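See structure below.
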Amino acid sequence: MANLSVTKRFGILTAGGDCPGLNAAIRGVCRAAYDRYGMEIVGIANGFRGLIENDTKVLKPENFSGILTLGGTILGSSREKPFGGTTSDKDEVDSDKVSAIKDTYSKLNLDCLVVLGGNGTNTTGYKLSCEGLNIIGLPKTIDNDIFGTDRTFGFHSALAIGTEAIDRLHSTAQSHSRVIVIELMGHKAGWLALYAGVAGGGDVILLPEIPYDIRAIGRHLVKRAKSGKTFSIVVAAEGAISLKEADMDKKDRKKYRSENGPSAAYRIAREIQDETGMETRATVLGYMQRGGIPSASDRVLATSLGTAAVELLANGKYGRMVALTGNDIGSIDLSVPEGKIKNVPLNYYMIDTAKAVGTCMGDE
Ligand code: F6P
């Protein structure tokens, strides 16, 4: 007989950019909810859009079986943000969409909605909880930038992909005596570039948190070349920013960027070539980082967070996001991550680790 549960019926959705481990988390939630507590589960298609358009279906074990290792999300995802961006700017709120979400929630007779997503999704979840809906958040993103949890699933898998790419670039950079700039995801936070850069032995690592001085990078690359190293690898987060750009207003920065290539890697490669005269190439890893099977570590984290979310459901502890703190899985109030980003702290030990092994972080 199933255990007693406060929540009898709940909805589940995945929103924002997908990542490896989403299906493992869906399976964790659904299995524990169904097997332990006999809860009814409503799968919502394509993030919050599925609630706006009432695109839903009841999930049975055959729907969440065999998905542990599957990339992507069986529910589909979208970047639909009924409250606008991650700010609390009231002007961006689409009240028709918010009403539609509330209507669908009540028509479906849900006791709670479980949202799997990044900063935007958990912020939307918090705002819906302020509108009276019961919400439980589950943090996911390859960017590892969700405030309130030590790690997000997806990060570990993307790190392995990024590291393998850096490993592979070494031999071609060496063969051609080139500098290669590889761009990894991370608009606002540089976790992925920092970890993959250290794991792959990047010679320069550039993060959004540390505006770079192109002259410092140039000095480092020239010194390397003079010491007999014929090639260099520069690992840049997509949000890497130069001191020069940091000084520009938004409009000038946009113009400068549009005139200097489609993304950070191209811009930085060009700046390096101009600064040093070294032949420099750019590689953008892009969506490769988000696709494919989750790593073992992400499967474990996703499953643990998923089953922990079910304990919150069973106990009626709504308005919370499950989180990893140290080696413990627990939960925090959904208001904690709302509208925030977990950046790499400037005193984070790995910045010094990187510098200690001779990596230039762009600042000296
Ligand atoms: O999911 C977060 C992320 O991976 C960011 O690092 C990146 O900027 C963004 O997704 C790009 O995703 P999309 O093109 O799907 O909006």
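Every chain in the structure tokens has a letter given in the order shown (A, B, ...), and although residue numbers restart at 1 in each chain, ligands are simply numbered from 1 in the order shown.
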
Using only C-alpha atoms and all ligand atoms, I'd like a table of the residues in chain A that come within 12 Å of ligand 1; for each, show the closest atom pair and its distance in Å rounded to one decimal, ordered by chain and ascending number, as a Markdown table.
| residue | atom | partner | partner_atom_place_in_ligand_line | distance |
| --- | --- | --- | --- | --- |
| A:Thr14 | CA | ligand 1 | 1 (O) | 11.7 |
| A:Ala15 | CA | ligand 1 | 1 (O) | 9.6 |
| A:Gly16 | CA | ligand 1 | 1 (O) | 6.3 |
| A:Gly17 | CA | ligand 1 | 1 (O) | 3.9 |
| A:Asp18 | CA | ligand 1 | 1 (O) | 6.2 |
| A:Cys19 | CA | ligand 1 | 1 (O) | 7.1 |
| A:Pro20 | CA | ligand 1 | 1 (O) | 10.7 |
| A:Leu22 | CA | ligand 1 | 1 (O) | 11.9 |
| A:Gly72 | CA | ligand 1 | 1 (O) | 11.7 |
| A:Ser77 | CA | ligand 1 | 15 (O) | 9.6 |
| A:Ser78 | CA | ligand 1 | 15 (O) | 8.4 |
| A:Arg79 | CA | ligand 1 | 16 (O) | 7.2 |
| A:Glu80 | CA | ligand 1 | 16 (O) | 10.8 |
| A:Leu116 | CA | ligand 1 | 1 (O) | 12.0 |
| A:Gly117 | CA | ligand 1 | 1 (O) | 8.7 |
| A:Gly118 | CA | ligand 1 | 1 (O) | 7.1 |
| A:Asn119 | CA | ligand 1 | 2 (C) | 9.1 |
| A:Gly120 | CA | ligand 1 | 2 (C) | 9.8 |
| A:Thr121 | CA | ligand 1 | 1 (O) | 10.8 |
| A:Pro139 | CA | ligand 1 | 1 (O) | 11.4 |
| A:Lys140 | CA | ligand 1 | 1 (O) | 8.5 |
| A:Thr141 | CA | ligand 1 | 1 (O) | 5.4 |
| A:Ile142 | CA | ligand 1 | 4 (O) | 5.9 |
| A:Asp143 | CA | ligand 1 | 6 (O) | 5.5 |
| A:Asn144 | CA | ligand 1 | 2 (C) | 9.0 |
| A:Asp145 | CA | ligand 1 | 2 (C) | 9.1 |
| A:Ile146 | CA | ligand 1 | 2 (C) | 10.7 |
| A:Thr152 | CA | ligand 1 | 1 (O) | 11.2 |
| A:Phe153 | CA | ligand 1 | 1 (O) | 11.4 |
| A:Gly154 | CA | ligand 1 | 1 (O) | 9.3 |
| A:Phe155 | CA | ligand 1 | 4 (O) | 9.7 |
| A:Ala158 | CA | ligand 1 | 4 (O) | 9.5 |
| A:Glu183 | CA | ligand 1 | 6 (O) | 10.7 |
| A:Leu184 | CA | ligand 1 | 6 (O) | 7.9 |
| A:Met185 | CA | ligand 1 | 6 (O) | 4.1 |
| A:Gly186 | CA | ligand 1 | 6 (O) | 3.9 |
| A:His187 | CA | ligand 1 | 8 (O) | 5.0 |
| A:Lys188 | CA | ligand 1 | 6 (O) | 8.1 |
| A:Ala189 | CA | ligand 1 | 6 (O) | 8.3 |
| A:Gly190 | CA | ligand 1 | 6 (O) | 9.2 |
| A:Trp191 | CA | ligand 1 | 6 (O) | 10.1 |
| A:Leu192 | CA | ligand 1 | 6 (O) | 8.9 |
| A:Ala193 | CA | ligand 1 | 6 (O) | 10.5 |
| A:Pro208 | CA | ligand 1 | 6 (O) | 11.7 |
| A:Ala237 | CA | ligand 1 | 6 (O) | 8.7 |
| A:Glu238 | CA | ligand 1 | 8 (O) | 7.2 |
| A:Gly239 | CA | ligand 1 | 8 (O) | 8.2 |
| A:Ala240 | CA | ligand 1 | 8 (O) | 11.7 |
| A:Ser263 | CA | ligand 1 | 8 (O) | 11.2 |
| A:Ala264 | CA | ligand 1 | 8 (O) | 11.7 |
| A:Leu285 | CA | ligand 1 | 4 (O) | 11.1 |
| A:Gly286 | CA | ligand 1 | 11 (C) | 8.1 |
| A:Tyr287 | CA | ligand 1 | 4 (O) | 7.6 |
| A:Met288 | CA | ligand 1 | 4 (O) | 10.1 |
| A:Gln289 | CA | ligand 1 | 4 (O) | 7.9 |
| A:Arg290 | CA | ligand 1 | 4 (O) | 6.8 |
| A:Gly291 | CA | ligand 1 | 4 (O) | 10.4 |
| A:Ile341 | CA | ligand 1 | 2 (C) | 11.9 |

inquiry  = Considering only alpha helix (DSSP H) as DSSP defines it on the backbone, what residues of segment 143-294 of chain A qualify? List them as a PyMOL selection string.
reply    = chain A and resi 155-176+191-199+214-226+243-247+250-258+264-276

Phe147 of chain A surroundings by only C-alpha atoms, 7 Å radius, close-in-sequence under 5 positions cut, as a short mmCIF file (atom, residue, chain, number, x, y, z; two decimals) with all heavy atoms, in the first residue's frame:
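Generated output (around.cif):
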data_model
loop_
_atom_site.label_atom_id
_atom_site.label_comp_id
_atom_site.auth_asym_id
_atom_site.auth_seq_id
_atom_site.Cartn_x
_atom_site.Cartn_y
_atom_site.Cartn_z
N PRO A 337 16.74 31.81 -4.31
CA PRO A 337 17.41 31.98 -5.62
C PRO A 337 16.73 33.03 -6.51
O PRO A 337 17.28 33.39 -7.55
CB PRO A 337 17.28 30.59 -6.26
CG PRO A 337 16.11 29.95 -5.58
CD PRO A 337 16.02 30.53 -4.22
N LYS A 340 18.43 35.90 -8.71
CA LYS A 340 19.88 35.98 -8.44
C LYS A 340 20.66 35.06 -9.36
O LYS A 340 20.10 34.15 -9.96
CB LYS A 340 20.17 35.56 -7.00
CG LYS A 340 19.49 36.40 -5.95
CD LYS A 340 20.05 36.07 -4.57
CE LYS A 340 19.22 36.66 -3.47
NZ LYS A 340 17.98 35.89 -3.23
N ILE A 341 21.97 35.30 -9.41
CA ILE A 341 22.86 34.42 -10.16
C ILE A 341 24.03 34.08 -9.26
O ILE A 341 24.55 34.95 -8.54
CB ILE A 341 23.37 35.13 -11.44
CG1 ILE A 341 22.21 35.15 -12.45
CG2 ILE A 341 24.59 34.43 -12.04
CD1 ILE A 341 22.50 35.86 -13.70
N LYS A 342 24.41 32.81 -9.27
CA LYS A 342 25.58 32.41 -8.46
C LYS A 342 26.83 32.54 -9.34
O LYS A 342 27.08 31.71 -10.20
CB LYS A 342 25.41 30.96 -7.98
CG LYS A 342 26.53 30.50 -7.06
CD LYS A 342 26.37 29.02 -6.66
CE LYS A 342 26.72 28.11 -7.80
NZ LYS A 342 26.55 26.69 -7.50
#

key: 10 Å contact set for Leu133 of chain A, only C-alpha atoms, chain neighbours under 2 positions out, as a list in words   = Ile101, Lys102, Tyr105, Ser106, Leu110, Asp111, Cys112, Leu113, Gly125, Tyr126, Lys127, Leu128, Ser129, Cys130, Glu131, Ile135, Ile136, Tyr318 and Gly319 of chain A

Quick one: write out the picked residues with all heavy atoms as a short mmCIF file (atom, residue, chain, number, x, y, z; two decimals), in the first residue's frame?
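And here is the file that came out, out.cif:
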data_model
loop_
_atom_site.label_atom_id
_atom_site.label_comp_id
_atom_site.auth_asym_id
_atom_site.auth_seq_id
_atom_site.Cartn_x
_atom_site.Cartn_y
_atom_site.Cartn_z
N ILE A 101 -2.05 30.34 -16.87
CA ILE A 101 -1.33 29.34 -16.07
C ILE A 101 -2.13 28.97 -14.82
O ILE A 101 -2.32 27.80 -14.49
CB ILE A 101 0.07 29.87 -15.68
CG1 ILE A 101 0.98 29.90 -16.92
CG2 ILE A 101 0.71 29.03 -14.57
CD1 ILE A 101 2.33 30.55 -16.71
N LYS A 102 -2.66 30.01 -14.16
CA LYS A 102 -3.43 29.76 -12.93
C LYS A 102 -4.70 28.97 -13.24
O LYS A 102 -5.09 28.07 -12.49
CB LYS A 102 -3.77 31.09 -12.26
CG LYS A 102 -2.53 31.71 -11.60
CD LYS A 102 -2.69 33.17 -11.28
CE LYS A 102 -3.47 33.46 -10.03
NZ LYS A 102 -3.48 34.90 -9.74
N TYR A 105 -3.79 25.32 -14.00
CA TYR A 105 -3.41 24.68 -12.72
C TYR A 105 -4.68 24.26 -11.97
O TYR A 105 -4.77 23.15 -11.46
CB TYR A 105 -2.59 25.69 -11.91
CG TYR A 105 -2.13 25.23 -10.54
CD1 TYR A 105 -0.88 24.67 -10.35
CD2 TYR A 105 -2.95 25.41 -9.41
CE1 TYR A 105 -0.44 24.27 -9.08
CE2 TYR A 105 -2.53 25.01 -8.15
CZ TYR A 105 -1.27 24.45 -7.98
OH TYR A 105 -0.85 24.07 -6.73
N SER A 106 -5.64 25.16 -11.93
CA SER A 106 -6.83 24.81 -11.14
C SER A 106 -7.74 23.83 -11.91
O SER A 106 -8.27 22.90 -11.31
CB SER A 106 -7.55 26.06 -10.63
OG SER A 106 -8.52 26.47 -11.51
N LEU A 110 -4.54 20.45 -9.65
CA LEU A 110 -3.21 20.13 -9.13
C LEU A 110 -3.07 20.60 -7.68
O LEU A 110 -3.59 21.65 -7.31
CB LEU A 110 -2.13 20.81 -9.98
CG LEU A 110 -2.09 20.47 -11.47
CD1 LEU A 110 -0.98 21.26 -12.16
CD2 LEU A 110 -1.91 18.97 -11.70
N ASP A 111 -2.37 19.81 -6.89
CA ASP A 111 -2.04 20.25 -5.53
C ASP A 111 -0.72 21.01 -5.55
O ASP A 111 -0.43 21.77 -4.62
CB ASP A 111 -1.87 19.03 -4.60
CG ASP A 111 -3.16 18.24 -4.46
OD1 ASP A 111 -4.23 18.87 -4.39
OD2 ASP A 111 -3.10 16.99 -4.47
N CYS A 112 0.08 20.77 -6.57
CA CYS A 112 1.40 21.40 -6.63
C CYS A 112 1.94 21.28 -8.06
O CYS A 112 1.50 20.43 -8.84
CB CYS A 112 2.35 20.69 -5.67
SG CYS A 112 4.01 21.41 -5.57
N LEU A 113 2.89 22.17 -8.35
CA LEU A 113 3.58 22.13 -9.64
C LEU A 113 5.08 22.02 -9.37
O LEU A 113 5.64 22.82 -8.62
CB LEU A 113 3.27 23.43 -10.40
CG LEU A 113 3.96 23.64 -11.74
CD1 LEU A 113 3.45 22.63 -12.77
CD2 LEU A 113 3.68 25.06 -12.25
N GLY A 125 8.83 30.23 -10.88
CA GLY A 125 8.18 29.40 -9.87
C GLY A 125 7.89 30.19 -8.60
O GLY A 125 6.78 30.12 -8.05
N TYR A 126 8.87 30.98 -8.18
CA TYR A 126 8.67 31.79 -6.97
C TYR A 126 7.52 32.79 -7.19
O TYR A 126 6.65 32.95 -6.33
CB TYR A 126 9.96 32.55 -6.62
CG TYR A 126 9.75 33.54 -5.52
CD1 TYR A 126 9.51 33.09 -4.21
CD2 TYR A 126 9.74 34.91 -5.76
CE1 TYR A 126 9.26 34.00 -3.19
CE2 TYR A 126 9.52 35.81 -4.74
CZ TYR A 126 9.27 35.35 -3.46
OH TYR A 126 9.02 36.25 -2.45
N LYS A 127 7.50 33.42 -8.37
CA LYS A 127 6.46 34.41 -8.63
C LYS A 127 5.07 33.77 -8.69
O LYS A 127 4.10 34.34 -8.25
CB LYS A 127 6.78 35.18 -9.92
CG LYS A 127 7.97 36.10 -9.68
CD LYS A 127 8.36 36.92 -10.88
CE LYS A 127 9.50 37.85 -10.48
NZ LYS A 127 10.10 38.52 -11.61
N LEU A 128 5.03 32.54 -9.22
CA LEU A 128 3.74 31.83 -9.24
C LEU A 128 3.33 31.46 -7.81
O LEU A 128 2.13 31.48 -7.49
CB LEU A 128 3.83 30.57 -10.11
CG LEU A 128 3.87 30.81 -11.62
CD1 LEU A 128 4.12 29.50 -12.37
CD2 LEU A 128 2.58 31.47 -12.12
N SER A 129 4.30 31.15 -6.98
CA SER A 129 3.94 30.82 -5.59
C SER A 129 3.41 32.08 -4.89
O SER A 129 2.51 31.99 -4.07
CB SER A 129 5.10 30.16 -4.85
OG SER A 129 6.07 31.10 -4.53
N CYS A 130 3.92 33.25 -5.28
CA CYS A 130 3.37 34.50 -4.73
C CYS A 130 1.94 34.74 -5.22
O CYS A 130 1.17 35.47 -4.61
CB CYS A 130 4.24 35.69 -5.12
SG CYS A 130 5.89 35.63 -4.44
N GLU A 131 1.60 34.13 -6.36
CA GLU A 131 0.24 34.25 -6.92
C GLU A 131 -0.68 33.19 -6.32
O GLU A 131 -1.80 32.99 -6.77
CB GLU A 131 0.28 34.06 -8.44
CG GLU A 131 1.05 35.12 -9.20
CD GLU A 131 0.21 36.36 -9.46
OE1 GLU A 131 -1.03 36.24 -9.60
OE2 GLU A 131 0.79 37.46 -9.50
N ILE A 135 4.33 25.47 -5.38
CA ILE A 135 5.43 25.20 -6.32
C ILE A 135 6.60 24.54 -5.59
O ILE A 135 6.93 24.91 -4.45
CB ILE A 135 5.97 26.53 -6.94
CG1 ILE A 135 4.85 27.35 -7.60
CG2 ILE A 135 7.12 26.26 -7.91
CD1 ILE A 135 4.32 26.83 -8.90
N ILE A 136 7.22 23.60 -6.27
CA ILE A 136 8.51 23.07 -5.80
C ILE A 136 9.50 23.19 -6.96
O ILE A 136 9.19 22.81 -8.10
CB ILE A 136 8.39 21.61 -5.32
CG1 ILE A 136 7.58 21.57 -4.01
CG2 ILE A 136 9.77 20.98 -5.11
CD1 ILE A 136 7.24 20.20 -3.51
N TYR A 318 5.60 23.15 0.40
CA TYR A 318 5.64 23.85 -0.89
C TYR A 318 6.44 25.15 -0.79
O TYR A 318 6.81 25.57 0.30
CB TYR A 318 4.21 24.14 -1.35
CG TYR A 318 3.32 22.91 -1.39
CD1 TYR A 318 2.05 22.92 -0.79
CD2 TYR A 318 3.73 21.74 -2.04
CE1 TYR A 318 1.23 21.80 -0.83
CE2 TYR A 318 2.90 20.62 -2.08
CZ TYR A 318 1.65 20.66 -1.47
OH TYR A 318 0.85 19.55 -1.50
N GLY A 319 6.67 25.77 -1.97
CA GLY A 319 7.40 27.04 -1.98
C GLY A 319 8.88 26.85 -1.69
O GLY A 319 9.54 27.74 -1.15
#

message = When you look at Val29 of chain A with a cut-off of 6 Å (counting only C-alpha atoms), what residues show up, excluding the ones that are within fewer than 2 positions of it in the same chain? I need them as JSON, numbers by chain.
response = {"A": [26, 27, 31, 32, 33, 306, 307, 310]}

Next, dump the selected residues to file, keeping only C-alpha atoms, as an mmCIF file, in the first residue's frame.
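Below you can see selection-v7.cif, which holds the result:
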data_model
loop_
_atom_site.group_PDB
_atom_site.id
_atom_site.type_symbol
_atom_site.label_atom_id
_atom_site.label_comp_id
_atom_site.auth_asym_id
_atom_site.auth_seq_id
_atom_site.Cartn_x
_atom_site.Cartn_y
_atom_site.Cartn_z
ATOM 1 C CA ILE A 26 11.921 13.425 -14.129
ATOM 2 C CA ARG A 27 12.279 9.674 -13.558
ATOM 3 C CA ARG A 31 9.071 6.904 -9.718
ATOM 4 C CA ALA A 32 9.177 7.979 -6.092
ATOM 5 C CA ALA A 33 5.856 9.826 -6.367
ATOM 6 C CA GLY A 306 14.089 14.337 -7.871
ATOM 7 C CA THR A 307 13.333 11.946 -5.024
ATOM 8 C CA VAL A 310 8.873 14.031 -3.712
#

Which of A:Ala354, A:Arg151, A:Ile12, A:Glu245 sits closest to Ala196 of chain A [using only C-alpha atoms] =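 Of A:Ala354, A:Arg151, A:Ile12, A:Glu245, the one nearest Ala196 of chain A, counting only C-alpha atoms, is A:Ala354.
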
task = Run DSSP on the backbone of this structure and report the residues of segment 13-255 of chain A it assigns to strand (DSSP E or B), as a PyMOL selection string.
result = chain A and resi 13-14+40-44+56-59+112-117+135-140+153+179-184+204-206+212+232-237+242

request  = Report the distance between atom CA of Ala269 of chain A and atom CA of Gly228 of chain A in Å, rounded to one decimal place.
outcome  =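 That distance, rounded to one decimal, is 20.9 Å.
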
key: Non-local contacts of segment 61-71 of chain A (7 Å; only C-alpha atoms; under 4 positions in same chain excluded) as a list in words   = Pro20, Gly21, Asn23, Ala24, Arg27, Cys30, Gly291, Gly292, Ile293 and Pro294 of chain A

Convert the current residue selection to file output with C-alpha atoms, as a short mmCIF file (atom, residue, chain, number, x, y, z; two decimals), in the first residue's frame.
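Final output, selection20.cif:
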data_model
loop_
_atom_site.label_atom_id
_atom_site.label_comp_id
_atom_site.auth_asym_id
_atom_site.auth_seq_id
_atom_site.Cartn_x
_atom_site.Cartn_y
_atom_site.Cartn_z
CA PRO A 20 21.89 16.21 -19.47
CA GLY A 21 20.15 14.71 -16.43
CA ASN A 23 15.15 12.87 -17.76
CA ALA A 24 16.95 11.24 -14.84
CA ARG A 27 12.28 9.67 -13.56
CA CYS A 30 7.86 10.25 -11.03
CA GLY A 291 23.25 17.31 -25.53
CA GLY A 292 23.59 13.60 -25.00
CA ILE A 293 23.69 11.22 -22.09
CA PRO A 294 24.23 12.50 -18.56
#

ask   = In Å to one decimal, how far is atom CA of Ile205 of chain A from atom CA of Ala236 of chain A?
value =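 Rounded to one decimal, the two atoms are 5.8 Å apart.
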
query = When distances are computed from only C-alpha atoms, which of A:Ile182, A:Val204, A:Leu194, A:Val222 shows the smallest separation from Ala265 of chain A?
reply =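 For Ala265 of chain A, the nearest of the given residues is A:Ile182.
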
query = Separation of atom CA of Gly277 of chain A and atom CA of Gly362 of chain A, in Å?
reply =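 The value is 17.9 Å.
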
ask   = Between A:Ser171, A:Thr104, A:Thr73, A:Asn122, which has the minimum distance to Gly50 of chain A (counting only C-alpha atoms)?
value = A:Thr104
